[in-house]
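coords38.txt follows; it contains compact mmCIF, C-alpha atoms (C1' of nucleotides).
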```txt
# COMPACT_ATOMS: atom_id res chain seq x y z
CA MET K 1 12.37 9.28 -90.53
CA SER K 2 9.56 7.53 -88.67
CA THR K 3 9.95 4.08 -87.16
CA ARG K 4 7.49 2.73 -89.65
CA GLU K 5 9.63 4.06 -92.48
CA ASN K 6 12.76 2.70 -90.82
CA ILE K 7 11.20 -0.73 -90.69
CA ALA K 8 10.14 -0.54 -94.32
CA ALA K 9 13.61 0.62 -95.37
CA ALA K 10 15.39 -2.12 -93.43
CA ALA K 11 12.94 -4.73 -94.73
CA ASP K 12 13.47 -3.42 -98.25
CA ASP K 13 17.20 -4.07 -98.02
CA LEU K 14 16.88 -7.41 -96.29
CA PHE K 15 14.17 -8.73 -98.61
CA TYR K 16 16.51 -7.90 -101.46
CA GLU K 17 19.67 -9.32 -99.95
CA ARG K 18 18.28 -12.41 -98.23
CA GLY K 19 14.86 -12.86 -99.73
CA PHE K 20 11.40 -12.34 -98.25
CA GLU K 21 10.95 -15.66 -96.54
CA ALA K 22 14.51 -15.92 -95.26
CA THR K 23 14.17 -12.56 -93.50
CA SER K 24 12.67 -12.76 -90.01
CA PHE K 25 11.15 -10.13 -87.77
CA ALA K 26 14.20 -10.49 -85.57
CA ASP K 27 16.49 -9.67 -88.50
CA ILE K 28 14.61 -6.48 -89.30
CA ALA K 29 14.37 -5.51 -85.64
CA GLY K 30 18.09 -5.97 -85.31
CA VAL K 31 18.82 -3.61 -88.17
CA VAL K 32 16.31 -0.99 -87.05
CA GLY K 33 17.36 -1.33 -83.43
CA ILE K 34 13.95 -1.86 -81.90
CA SER K 35 12.40 -4.73 -80.00
CA ARG K 36 10.68 -7.56 -81.79
CA GLY K 37 7.37 -7.09 -80.10
CA ASN K 38 7.19 -3.53 -81.26
CA PHE K 39 6.43 -4.67 -84.78
CA TYR K 40 2.83 -5.50 -84.11
CA HIS K 41 2.02 -1.87 -83.53
CA HIS K 42 3.31 -0.81 -86.96
CA PHE K 43 2.55 -3.88 -89.06
CA LYS K 44 0.01 -6.53 -88.15
CA THR K 45 1.61 -9.22 -90.31
CA LYS K 46 4.72 -9.92 -92.34
CA ASP K 47 2.65 -9.57 -95.48
CA GLU K 48 1.85 -6.01 -94.50
CA ILE K 49 5.56 -5.27 -94.37
CA LEU K 50 5.92 -6.80 -97.80
CA ASP K 51 3.19 -4.56 -99.16
CA ALA K 52 4.87 -1.55 -97.62
CA VAL K 53 8.16 -2.58 -99.20
CA ILE K 54 6.53 -2.97 -102.60
CA ASP K 55 4.85 0.43 -102.24
CA ARG K 56 8.20 1.86 -101.32
CA ARG K 57 9.88 0.34 -104.34
CA ILE K 58 7.13 1.53 -106.64
CA ALA K 59 7.55 5.07 -105.33
CA LYS K 60 11.34 4.91 -105.64
CA THR K 61 11.07 3.57 -109.15
CA ARG K 62 8.65 6.27 -110.18
CA LYS K 63 11.02 8.92 -108.90
CA MET K 64 13.95 7.32 -110.68
CA LEU K 65 12.06 7.22 -113.96
CA GLU K 66 11.14 10.88 -113.54
CA THR K 67 14.79 11.72 -113.00
CA TRP K 68 15.75 9.90 -116.17
CA GLU K 69 12.92 11.63 -117.98
CA ALA K 70 14.40 14.99 -117.04
CA LYS K 71 18.04 14.06 -117.49
CA GLY K 72 18.21 12.35 -120.86
CA GLN K 73 17.87 14.59 -123.87
CA THR K 74 16.78 12.00 -126.40
CA PRO K 75 14.75 8.83 -125.90
CA VAL K 76 17.87 6.80 -126.63
CA ASP K 77 19.72 8.68 -123.88
CA ARG K 78 16.91 7.96 -121.48
CA ILE K 79 16.86 4.28 -122.37
CA GLY K 80 20.59 4.39 -121.78
CA CYS K 81 19.91 5.46 -118.19
CA PHE K 82 17.84 2.33 -117.73
CA VAL K 83 20.36 0.01 -119.29
CA ARG K 84 23.20 1.43 -117.27
CA ILE K 85 21.60 0.51 -113.94
CA LEU K 86 23.31 -2.80 -114.53
CA ILE K 87 26.64 -1.02 -114.28
CA ARG K 88 25.66 1.40 -111.56
CA ASN K 89 24.36 -1.35 -109.29
CA ARG K 90 26.82 -3.92 -110.53
CA ALA K 91 28.15 -4.93 -107.12
CA LYS K 92 24.74 -5.65 -105.57
CA ILE K 93 23.34 -7.24 -108.71
CA THR K 94 26.27 -9.63 -108.84
CA LEU K 95 25.49 -10.70 -105.30
CA TYR K 96 21.70 -10.57 -105.15
CA GLY K 97 20.41 -10.28 -108.70
CA CYS K 98 17.75 -7.81 -109.80
CA PRO K 99 15.55 -6.62 -106.92
CA VAL K 100 12.43 -6.79 -109.06
CA GLY K 101 13.07 -10.08 -110.81
CA THR K 102 14.15 -12.01 -107.76
CA LEU K 103 11.20 -10.76 -105.71
CA VAL K 104 8.68 -11.67 -108.40
CA SER K 105 10.30 -15.06 -108.71
CA GLU K 106 10.25 -15.76 -105.00
CA LEU K 107 6.66 -14.64 -104.56
CA GLY K 108 5.70 -16.76 -107.54
CA LYS K 109 7.18 -19.84 -105.94
CA LEU K 110 5.51 -19.05 -102.64
CA ASN K 111 2.19 -18.59 -104.41
CA HIS K 112 2.02 -15.27 -102.60
CA VAL K 113 -0.94 -12.95 -103.01
CA SER K 114 1.30 -9.95 -103.50
CA GLN K 115 3.02 -11.29 -106.58
CA SER K 116 0.71 -9.32 -108.82
CA ARG K 117 1.59 -6.20 -106.87
CA ALA K 118 5.26 -6.93 -107.41
CA ASN K 119 4.59 -7.42 -111.10
CA ALA K 120 3.53 -3.79 -111.19
CA LEU K 121 7.19 -2.92 -110.75
CA PHE K 122 7.92 -4.63 -114.03
CA SER K 123 5.05 -2.77 -115.65
CA LEU K 124 6.48 0.51 -114.44
CA PHE K 125 9.72 -0.10 -116.32
CA SER K 126 7.99 -1.70 -119.27
CA ASP K 127 5.53 1.14 -119.76
CA TRP K 128 8.23 3.75 -119.38
CA LEU K 129 10.49 2.02 -121.90
CA ALA K 130 7.61 1.63 -124.32
CA MET K 131 6.99 5.36 -123.98
CA GLN K 132 10.58 6.07 -124.96
CA PHE K 133 10.38 3.83 -128.02
CA ARG K 134 7.16 5.55 -128.98
CA ALA K 135 8.93 8.88 -128.72
CA MET K 136 11.51 7.50 -131.13
CA GLY K 137 8.78 6.97 -133.68
CA CYS K 138 7.84 3.34 -133.01
CA ASP K 139 4.19 2.45 -133.21
CA GLU K 140 2.34 1.23 -130.13
CA VAL K 141 2.84 -2.50 -130.67
CA THR K 142 6.48 -2.25 -131.69
CA GLY K 143 7.24 0.01 -128.77
CA VAL K 144 5.87 -2.50 -126.29
CA GLN K 145 7.81 -5.29 -127.97
CA HIS K 146 11.07 -3.37 -127.79
CA ALA K 147 10.39 -2.47 -124.18
CA ARG K 148 9.75 -6.04 -123.10
CA HIS K 149 12.70 -7.25 -125.10
CA LEU K 150 15.06 -4.84 -123.40
CA LEU K 151 13.56 -5.55 -119.99
CA ALA K 152 14.05 -9.27 -120.53
CA ARG K 153 17.63 -8.75 -121.66
CA SER K 154 18.47 -6.72 -118.56
CA GLN K 155 16.87 -9.40 -116.41
CA GLY K 156 18.95 -12.02 -118.14
CA VAL K 157 22.17 -10.12 -117.60
CA ALA K 158 21.34 -9.67 -113.92
CA SER K 159 20.53 -13.35 -113.57
CA LEU K 160 23.68 -14.58 -115.25
CA SER K 161 25.84 -12.08 -113.40
CA GLN K 162 25.08 -13.92 -110.18
CA ALA K 163 26.72 -17.02 -111.60
CA LEU K 164 29.50 -15.57 -113.74
CA ARG K 165 30.68 -12.66 -111.59
CA ASP K 166 32.39 -11.26 -114.65
CA ASP K 167 32.45 -7.49 -115.05
CA ASP K 168 33.38 -7.68 -118.71
CA PHE K 169 30.27 -9.70 -119.48
CA ILE K 170 28.03 -7.00 -118.01
CA ASP K 171 29.87 -4.24 -119.88
CA ALA K 172 29.60 -6.08 -123.18
CA GLU K 173 25.90 -6.80 -122.73
CA VAL K 174 25.18 -3.20 -121.79
CA ASP K 175 26.88 -2.05 -124.99
CA LEU K 176 24.78 -4.49 -127.01
CA MET K 177 21.61 -3.21 -125.36
CA LEU K 178 22.55 0.39 -126.04
CA ALA K 179 23.13 -0.50 -129.69
CA TYR K 180 19.77 -2.26 -129.77
CA ALA K 181 18.03 0.83 -128.44
CA ALA K 182 19.81 3.11 -130.89
CA ALA K 183 18.86 0.86 -133.78
CA ALA K 184 15.21 0.66 -132.81
CA ALA K 185 14.14 3.93 -134.43
CA PRO K 186 11.95 3.20 -137.49
CA ASP K 187 14.02 5.51 -139.71
CA TYR K 188 17.26 3.88 -138.65
CA SER K 189 19.15 2.67 -141.72
CA GLU K 190 22.64 1.32 -141.06
CA LYS K 191 24.26 4.71 -141.34
CA GLY K 192 27.03 3.74 -138.88
CA ASP K 193 27.87 6.05 -136.00
CA MET B 1 13.78 -46.61 -108.14
CA SER B 2 15.49 -46.55 -104.76
CA THR B 3 14.14 -44.54 -101.86
CA ARG B 4 17.16 -42.31 -102.03
CA GLU B 5 16.43 -41.56 -105.66
CA ASN B 6 12.77 -41.02 -104.84
CA ILE B 7 13.72 -38.45 -102.24
CA ALA B 8 16.07 -36.69 -104.64
CA ALA B 9 13.42 -36.65 -107.37
CA ALA B 10 10.74 -35.25 -105.08
CA ALA B 11 13.15 -32.68 -103.66
CA ASP B 12 14.15 -31.73 -107.18
CA ASP B 13 10.58 -30.87 -108.07
CA LEU B 14 9.80 -29.13 -104.79
CA PHE B 15 13.00 -27.08 -104.75
CA TYR B 16 12.04 -25.89 -108.21
CA GLU B 17 8.41 -25.18 -107.50
CA ARG B 18 8.64 -23.78 -103.99
CA GLY B 19 12.30 -22.97 -103.54
CA PHE B 20 14.96 -24.64 -101.42
CA GLU B 21 14.28 -22.95 -98.10
CA ALA B 22 10.53 -23.00 -98.40
CA THR B 23 10.61 -26.78 -98.85
CA SER B 24 10.62 -28.73 -95.59
CA PHE B 25 11.49 -32.32 -94.83
CA ALA B 26 7.82 -32.90 -94.16
CA ASP B 27 6.93 -31.67 -97.65
CA ILE B 28 9.35 -34.07 -99.29
CA ALA B 29 8.32 -36.93 -97.02
CA GLY B 30 4.71 -36.27 -97.94
CA VAL B 31 5.42 -36.55 -101.65
CA VAL B 32 7.62 -39.63 -101.34
CA GLY B 33 5.27 -41.27 -98.85
CA ILE B 34 7.78 -42.05 -96.14
CA SER B 35 8.16 -40.92 -92.55
CA ARG B 36 10.10 -37.81 -91.70
CA GLY B 37 12.56 -39.55 -89.44
CA ASN B 38 13.50 -41.89 -92.22
CA PHE B 39 15.36 -39.08 -93.92
CA TYR B 40 18.30 -39.17 -91.59
CA HIS B 41 19.22 -42.59 -92.85
CA HIS B 42 19.51 -41.40 -96.45
CA PHE B 43 20.61 -37.79 -95.99
CA LYS B 44 22.22 -36.43 -92.85
CA THR B 45 21.30 -32.81 -93.56
CA LYS B 46 19.15 -30.74 -95.86
CA ASP B 47 22.28 -29.52 -97.59
CA GLU B 48 23.08 -33.10 -98.55
CA ILE B 49 19.72 -33.34 -100.27
CA LEU B 50 20.50 -30.11 -102.09
CA ASP B 51 23.79 -31.53 -103.32
CA ALA B 52 22.04 -34.67 -104.49
CA VAL B 53 19.49 -32.54 -106.33
CA ILE B 54 22.23 -30.53 -108.01
CA ASP B 55 24.04 -33.73 -109.00
CA ARG B 56 20.79 -35.01 -110.40
CA ARG B 57 20.20 -31.87 -112.40
CA ILE B 58 23.74 -31.91 -113.74
CA ALA B 59 23.28 -35.51 -114.89
CA LYS B 60 19.90 -34.75 -116.46
CA THR B 61 21.31 -31.71 -118.22
CA ARG B 62 24.25 -33.66 -119.58
CA LYS B 63 21.90 -36.26 -120.99
CA MET B 64 19.69 -33.60 -122.54
CA LEU B 65 22.66 -31.93 -124.19
CA GLU B 66 23.78 -35.27 -125.57
CA THR B 67 20.32 -35.82 -127.01
CA TRP B 68 20.42 -32.44 -128.70
CA GLU B 69 23.90 -33.20 -129.95
CA ALA B 70 22.60 -36.30 -131.67
CA LYS B 71 19.32 -34.84 -132.87
CA GLY B 72 20.22 -31.51 -134.47
CA GLN B 73 21.92 -31.76 -137.81
CA THR B 74 23.58 -28.34 -137.85
CA PRO B 75 24.88 -26.26 -134.93
CA VAL B 76 22.04 -23.83 -135.53
CA ASP B 77 19.55 -26.67 -135.22
CA ARG B 78 21.14 -27.76 -131.99
CA ILE B 79 21.08 -24.26 -130.59
CA GLY B 80 17.44 -24.21 -131.61
CA CYS B 81 16.84 -27.18 -129.30
CA PHE B 82 18.19 -25.11 -126.44
CA VAL B 83 16.18 -22.02 -127.25
CA ARG B 84 12.99 -23.98 -127.61
CA ILE B 85 13.09 -25.27 -124.04
CA LEU B 86 11.35 -22.02 -123.28
CA ILE B 87 8.41 -23.21 -125.34
CA ARG B 88 8.57 -26.83 -124.31
CA ASN B 89 8.59 -25.98 -120.60
CA ARG B 90 6.49 -22.88 -121.01
CA ALA B 91 3.87 -23.79 -118.42
CA LYS B 92 6.31 -24.47 -115.60
CA ILE B 93 8.59 -21.59 -116.52
CA THR B 94 5.67 -19.20 -116.39
CA LEU B 95 4.90 -20.39 -112.89
CA TYR B 96 8.34 -21.02 -111.41
CA GLY B 97 10.93 -19.44 -113.71
CA CYS B 98 14.07 -21.18 -114.88
CA PRO B 99 15.13 -24.04 -112.58
CA VAL B 100 18.79 -23.07 -112.90
CA GLY B 101 18.49 -19.32 -112.60
CA THR B 102 16.09 -19.31 -109.68
CA LEU B 103 18.18 -21.84 -107.75
CA VAL B 104 21.40 -19.89 -108.27
CA SER B 105 19.62 -16.73 -107.23
CA GLU B 106 18.17 -18.23 -104.06
CA LEU B 107 21.43 -19.84 -103.02
CA GLY B 108 23.19 -16.55 -103.66
CA LYS B 109 20.84 -14.73 -101.32
CA LEU B 110 21.23 -17.42 -98.68
CA ASN B 111 25.00 -17.23 -99.00
CA HIS B 112 24.87 -20.96 -99.44
CA VAL B 113 28.03 -23.00 -99.91
CA SER B 114 26.52 -24.93 -102.79
CA GLN B 115 25.94 -21.90 -104.99
CA SER B 116 29.15 -22.56 -106.87
CA ARG B 117 27.99 -26.10 -107.51
CA ALA B 118 24.72 -24.75 -108.88
CA ASN B 119 26.69 -22.39 -111.10
CA ALA B 120 28.13 -25.44 -112.79
CA LEU B 121 24.71 -25.96 -114.32
CA PHE B 122 25.07 -22.63 -116.07
CA SER B 123 28.53 -23.61 -117.23
CA LEU B 124 27.15 -26.81 -118.70
CA PHE B 125 24.82 -24.87 -120.97
CA SER B 126 27.33 -22.13 -121.61
CA ASP B 127 30.12 -24.48 -122.63
CA TRP B 128 27.81 -26.50 -124.83
CA LEU B 129 26.48 -23.42 -126.57
CA ALA B 130 30.00 -22.10 -127.07
CA MET B 131 30.89 -25.42 -128.65
CA GLN B 132 28.04 -25.04 -131.14
CA PHE B 133 29.09 -21.53 -132.07
CA ARG B 134 32.63 -22.77 -132.54
CA ALA B 135 31.29 -25.44 -134.84
CA MET B 136 29.66 -22.65 -136.85
CA GLY B 137 33.06 -21.12 -137.41
CA CYS B 138 33.24 -18.63 -134.55
CA ASP B 139 36.57 -18.22 -132.84
CA GLU B 140 36.95 -19.17 -129.17
CA VAL B 141 36.25 -15.74 -127.68
CA THR B 142 33.33 -14.93 -129.94
CA GLY B 143 31.82 -18.33 -129.32
CA VAL B 144 31.83 -17.82 -125.57
CA GLN B 145 30.35 -14.35 -126.00
CA HIS B 146 27.51 -15.64 -128.15
CA ALA B 147 26.90 -18.48 -125.73
CA ARG B 148 26.64 -16.22 -122.70
CA HIS B 149 24.54 -13.75 -124.62
CA LEU B 150 22.02 -16.39 -125.58
CA LEU B 151 22.02 -17.89 -122.11
CA ALA B 152 21.33 -14.47 -120.61
CA ARG B 153 18.53 -13.84 -123.09
CA SER B 154 16.86 -17.14 -122.24
CA GLN B 155 17.19 -16.32 -118.56
CA GLY B 156 15.60 -12.95 -119.16
CA VAL B 157 12.67 -14.41 -121.03
CA ALA B 158 12.10 -16.94 -118.25
CA SER B 159 12.27 -14.20 -115.64
CA LEU B 160 9.87 -11.88 -117.39
CA SER B 161 7.48 -14.70 -118.23
CA GLN B 162 6.74 -15.07 -114.54
CA ALA B 163 5.40 -11.54 -114.48
CA LEU B 164 3.83 -11.20 -117.91
CA ARG B 165 2.29 -14.65 -118.38
CA ASP B 166 2.03 -13.89 -122.08
CA ASP B 167 2.59 -16.77 -124.51
CA ASP B 168 3.10 -14.45 -127.46
CA PHE B 169 5.99 -12.75 -125.72
CA ILE B 170 7.83 -16.06 -125.29
CA ASP B 171 7.17 -17.06 -128.90
CA ALA B 172 8.44 -13.74 -130.21
CA GLU B 173 11.59 -13.83 -128.09
CA VAL B 174 12.31 -17.41 -129.12
CA ASP B 175 12.10 -16.36 -132.77
CA LEU B 176 14.50 -13.50 -132.12
CA MET B 177 16.94 -15.83 -130.42
CA LEU B 178 16.76 -18.30 -133.28
CA ALA B 179 17.49 -15.49 -135.69
CA TYR B 180 20.40 -14.39 -133.51
CA ALA B 181 21.87 -17.88 -133.60
CA ALA B 182 21.42 -18.18 -137.34
CA ALA B 183 23.11 -14.83 -137.88
CA ALA B 184 26.08 -15.65 -135.68
CA ALA B 185 28.06 -17.55 -138.30
CA PRO B 186 31.12 -15.51 -139.34
CA ASP B 187 30.33 -15.93 -143.06
CA TYR B 188 26.75 -14.81 -142.61
CA SER B 189 25.98 -11.94 -144.95
CA GLU B 190 22.35 -10.80 -145.03
CA LYS B 191 21.41 -13.21 -147.79
CA GLY B 192 17.84 -13.50 -146.49
CA ASP B 193 16.28 -16.93 -146.11
C1' DT L 1 -0.11 19.95 -64.65
C1' DC L 2 -3.39 16.42 -65.98
C1' DT L 3 -5.33 13.35 -69.45
C1' DG L 4 -5.51 10.53 -73.22
C1' DT L 5 -3.18 8.77 -77.14
C1' DT L 6 0.80 6.83 -79.34
C1' DT L 7 4.90 4.24 -79.13
C1' DT L 8 7.89 0.92 -77.12
C1' DA L 9 9.90 -3.18 -74.61
C1' DG L 10 9.65 -7.57 -73.06
C1' DG L 11 7.57 -11.79 -72.80
C1' DT L 12 4.26 -15.60 -74.09
C1' DC L 13 2.29 -18.91 -77.31
C1' DA L 14 1.50 -22.48 -80.64
C1' DA L 15 3.23 -24.18 -84.77
C1' DA L 16 6.86 -25.67 -87.63
C1' DT L 17 11.64 -26.83 -88.61
C1' DG L 18 16.12 -29.44 -88.92
C1' DT L 19 18.34 -32.77 -86.38
C1' DC L 20 18.77 -36.94 -84.06
C1' DC L 21 17.66 -41.45 -81.41
C1' DT L 22 15.75 -45.90 -80.76
C1' DA L 23 13.34 -49.90 -81.60
C1' DG L 24 11.15 -52.89 -84.72
C1' DG L 25 10.87 -54.95 -89.49
C1' DA L 26 12.80 -56.45 -93.74
C1' DT L 27 16.41 -58.37 -96.39
C1' DT L 28 20.56 -60.72 -97.36
C1' DC L 29 23.90 -64.24 -96.90
C1' DG L 30 26.49 -67.85 -94.70
C1' DC V 1 17.80 -71.60 -89.82
C1' DG V 2 20.56 -67.72 -87.71
C1' DA V 3 22.95 -63.56 -87.74
C1' DA V 4 24.27 -59.34 -89.48
C1' DT V 5 23.17 -55.48 -92.14
C1' DC V 6 20.00 -52.37 -94.06
C1' DC V 7 15.69 -49.88 -94.02
C1' DT V 8 11.77 -47.73 -91.88
C1' DA V 9 8.55 -45.58 -88.51
C1' DG V 10 7.56 -42.72 -84.94
C1' DG V 11 8.74 -39.73 -81.80
C1' DA V 12 11.87 -36.47 -78.96
C1' DC V 13 14.73 -32.40 -78.95
C1' DA V 14 16.01 -27.57 -78.97
C1' DT V 15 15.40 -23.69 -81.80
C1' DT V 16 13.13 -20.44 -84.56
C1' DT V 17 9.23 -18.49 -86.52
C1' DG V 18 5.08 -15.19 -86.90
C1' DA V 19 1.72 -13.61 -84.03
C1' DC V 20 -0.07 -11.55 -79.99
C1' DC V 21 -0.62 -9.39 -75.13
C1' DT V 22 0.32 -6.33 -71.41
C1' DA V 23 2.30 -2.78 -69.02
C1' DA V 24 5.30 0.97 -68.90
C1' DA V 25 7.27 5.01 -71.19
C1' DA V 26 6.98 8.99 -74.27
C1' DC V 27 4.36 12.40 -76.12
C1' DA V 28 0.42 15.58 -77.15
C1' DG V 29 -2.88 19.00 -76.24
C1' DA V 30 -5.74 21.54 -72.97
```

Would you write out, as C-alpha cells, the structure that this file holds?
Amino acid sequence: MSTRENIAAAADDLFYERGFEATSFADIAGVVGISRGNFYHHFKTKDEILDAVIDRRIAKTRKMLETWEAKGQTPVDRIGCFVRILIRNRAKITLYGCPVGTLVSELGKLNHVSQSRANALFSLFSDWLAMQFRAMGCDEVTGVQHARHLLARSQGVASLSQALRDDDFIDAEVDLMLAYAAAAAPDYSEKGD
Amino acid sequence: MSTRENIAAAADDLFYERGFEATSFADIAGVVGISRGNFYHHFKTKDEILDAVIDRRIAKTRKMLETWEAKGQTPVDRIGCFVRILIRNRAKITLYGCPVGTLVSELGKLNHVSQSRANALFSLFSDWLAMQFRAMGCDEVTGVQHARHLLARSQGVASLSQALRDDDFIDAEVDLMLAYAAAAAPDYSEKGD
DNA sequence: TCTGTTTTAGGTCAAATGTCCTAGGATTCG
DNA sequence: CGAATCCTAGGACATTTGACCTAAAACAGA
C-alpha cells in the first residue's frame, strides 16, 4: 500500500475514533510512522486528507453494499445485513458511535465545506435501502420513507449505545428493526412467522 | 445574571453549536464581553466550564420535564411533549443535532472524564419516559424498553436531520413516534382512533 | 552509470490555545 | 472613612497546531 493510502487509512481510523478536529498531523504521522513534514508532499492541507478519507469511506461503503447485494437472497435478508452492522461493529460503535453520523455531526458544527460530501455517505445507505424496499414491492415514495426511517433508527441506536453501553439494548433494537423490515412489504398481512 | 452564569450560558450555546473542543476561551469571552484572563477567576480550567454547562443542562432539563409533567393530561400527552421537541427545536437540530447526543458523542471520542456526567442527561429523559410508560400500565421492564426505544428514535431523527435537512421527514417521524407511544399501552387493541 | 523525478526527514514559522500572574478597580462592611 | 475581599483587564507563558521550505535520499529510465 502506498504512503498516501497509509495516511488516508490512518486518518480514517483516527477521524472516527477521536474526531476530525481532535486529530493532528502528528497523530497521523505517528500511526503511519513517517515524519510530520512529509505530509505536505501527499496532502496540501488537512481538508484534503478529509476529502480523501470521505472518498475512501464512500468506496468502502459501495463495496460493502455490493457484497450485501450478492449475499442476501431476499430484500429482507439484505436489509438484515445493514441492520446487523450494529451488532457486528458493536464494540467500536459503543465507544465512538456511527462513523457516518458522528462525522456529519462534527462537520456540521464546524461549518465545514465537506459536510455535503459526508452527507453522500448517508445517501448511499438511504438509496440502497430504498432500492431493497422497492424490490419488496413498495412504491417509490414509501420505499424512501422506509429507508430513511430505518437509517434514522440505526443512527439512534448507535447514538444511545455510546451512553448506555448495554449489549441487550442493541440486540433488542436490532430485532425490532428486522421485524420492521419484514413487515414493510405491501402484501404483508399479520400472518405471523 | 452573574458573570459566572453568563459564562456558563455562553459556553452552553457555543459547546452546542461548535462543539466543546472547537470552542475556545476567546470565543466565550467574545460572546460574554469580558477579557480572556478574567476566566481564571471564575473557572480554573476548561473542564470546569464543561461541568458547569452540564450542570446547567441537567437543571434546565429537569425544569422542562416538570413543565411537561404539569402540562400534559395523560402520559401519552406528556410523551408527546418530548417527541415534539424535534419540531420545536427543528431549526437548531437541523444545524447542530441533538445537544445531548452530540455532546456525549464528542466527549466519548475525546475520552473525556465528564462523559459519564453527560450521560446523566440521557438518563433524565430515559427515566422520565419510563415513568410515563409505567403510568400507562406498562410493567417496569417494558416501560424502560419503550423509553429507550423512543429516546433512540428521537436521537436518530436528530442525527439524520443534519444530513437531510428535510422538514417533512421530521414531521413524519414525529407522527410515527406519537403513534408508537399511543400504541404502547398494554390494553391497546387496534381500536382505531 | 548518469540524470531527473519522486519521496522523505527535519526544521521553521506564525497563529492560536489553555493556563496563569499581577496590578488596578469596584464593592462591601466595620 | 478605611480595610478587606471580590472582580476585572491585560498580558505573559509554554505548548501545540497547520502550513511550508529545503536538502538529502530513493528511485526510475536511458

Using all atoms listed in the file, give me every residue within 10 Å of (29.6, -22.2, -132.1) in file coordinates, as an mmCIF file with C-alpha atoms, keeping the file's coordinate frame.
```cif
data_model
loop_
_atom_site.group_PDB
_atom_site.id
_atom_site.type_symbol
_atom_site.label_atom_id
_atom_site.label_comp_id
_atom_site.auth_asym_id
_atom_site.auth_seq_id
_atom_site.Cartn_x
_atom_site.Cartn_y
_atom_site.Cartn_z
ATOM 1 C CA PRO B 75 24.880 -26.260 -134.930
ATOM 2 C CA VAL B 76 22.040 -23.830 -135.530
ATOM 3 C CA ILE B 79 21.080 -24.260 -130.590
ATOM 4 C CA ASP B 127 30.120 -24.480 -122.630
ATOM 5 C CA TRP B 128 27.810 -26.500 -124.830
ATOM 6 C CA LEU B 129 26.480 -23.420 -126.570
ATOM 7 C CA ALA B 130 30.000 -22.100 -127.070
ATOM 8 C CA MET B 131 30.890 -25.420 -128.650
ATOM 9 C CA GLN B 132 28.040 -25.040 -131.140
ATOM 10 C CA PHE B 133 29.090 -21.530 -132.070
ATOM 11 C CA ARG B 134 32.630 -22.770 -132.540
ATOM 12 C CA ALA B 135 31.290 -25.440 -134.840
ATOM 13 C CA MET B 136 29.660 -22.650 -136.850
ATOM 14 C CA GLY B 137 33.060 -21.120 -137.410
ATOM 15 C CA CYS B 138 33.240 -18.630 -134.550
ATOM 16 C CA ASP B 139 36.570 -18.220 -132.840
ATOM 17 C CA GLU B 140 36.950 -19.170 -129.170
ATOM 18 C CA THR B 142 33.330 -14.930 -129.940
ATOM 19 C CA GLY B 143 31.820 -18.330 -129.320
ATOM 20 C CA VAL B 144 31.830 -17.820 -125.570
ATOM 21 C CA GLN B 145 30.350 -14.350 -126.000
ATOM 22 C CA HIS B 146 27.510 -15.640 -128.150
ATOM 23 C CA ALA B 147 26.900 -18.480 -125.730
ATOM 24 C CA ALA B 181 21.870 -17.880 -133.600
ATOM 25 C CA ALA B 184 26.080 -15.650 -135.680
ATOM 26 C CA ALA B 185 28.060 -17.550 -138.300
ATOM 27 C CA PRO B 186 31.120 -15.510 -139.340
#
```

For Leu107 in chain B, the closest of K:Phe169, K:Lys60, K:Ala183, K:Gln162 counting only C-alpha atoms is K:Gln162

Would you please work out which residue, of B:Ala11, B:Glu66, B:Ser159, B:Asp47, is nearest to Asn119 in chain K when using only C-alpha atoms?
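Counting only C-alpha atoms, the residue closest to Asn119 in chain K is B:Ser159.
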
* Asked: Hey, what's within 10 Å of range 14-27 of chain L if we count only C-alpha atoms (C1' of nucleotides) and toss same-chain stuff fewer than 6 positions away? As a PyMOL selection string, please?
  -> (chain B and resi 24-26+37+40+44-46) or (chain V and resi 5-19)

For CA of Arg62 in chain B and CA of Val83 in chain B, quote the distance in Å rounded to one decimal.
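Between these atoms lies a distance of 16.1 Å.
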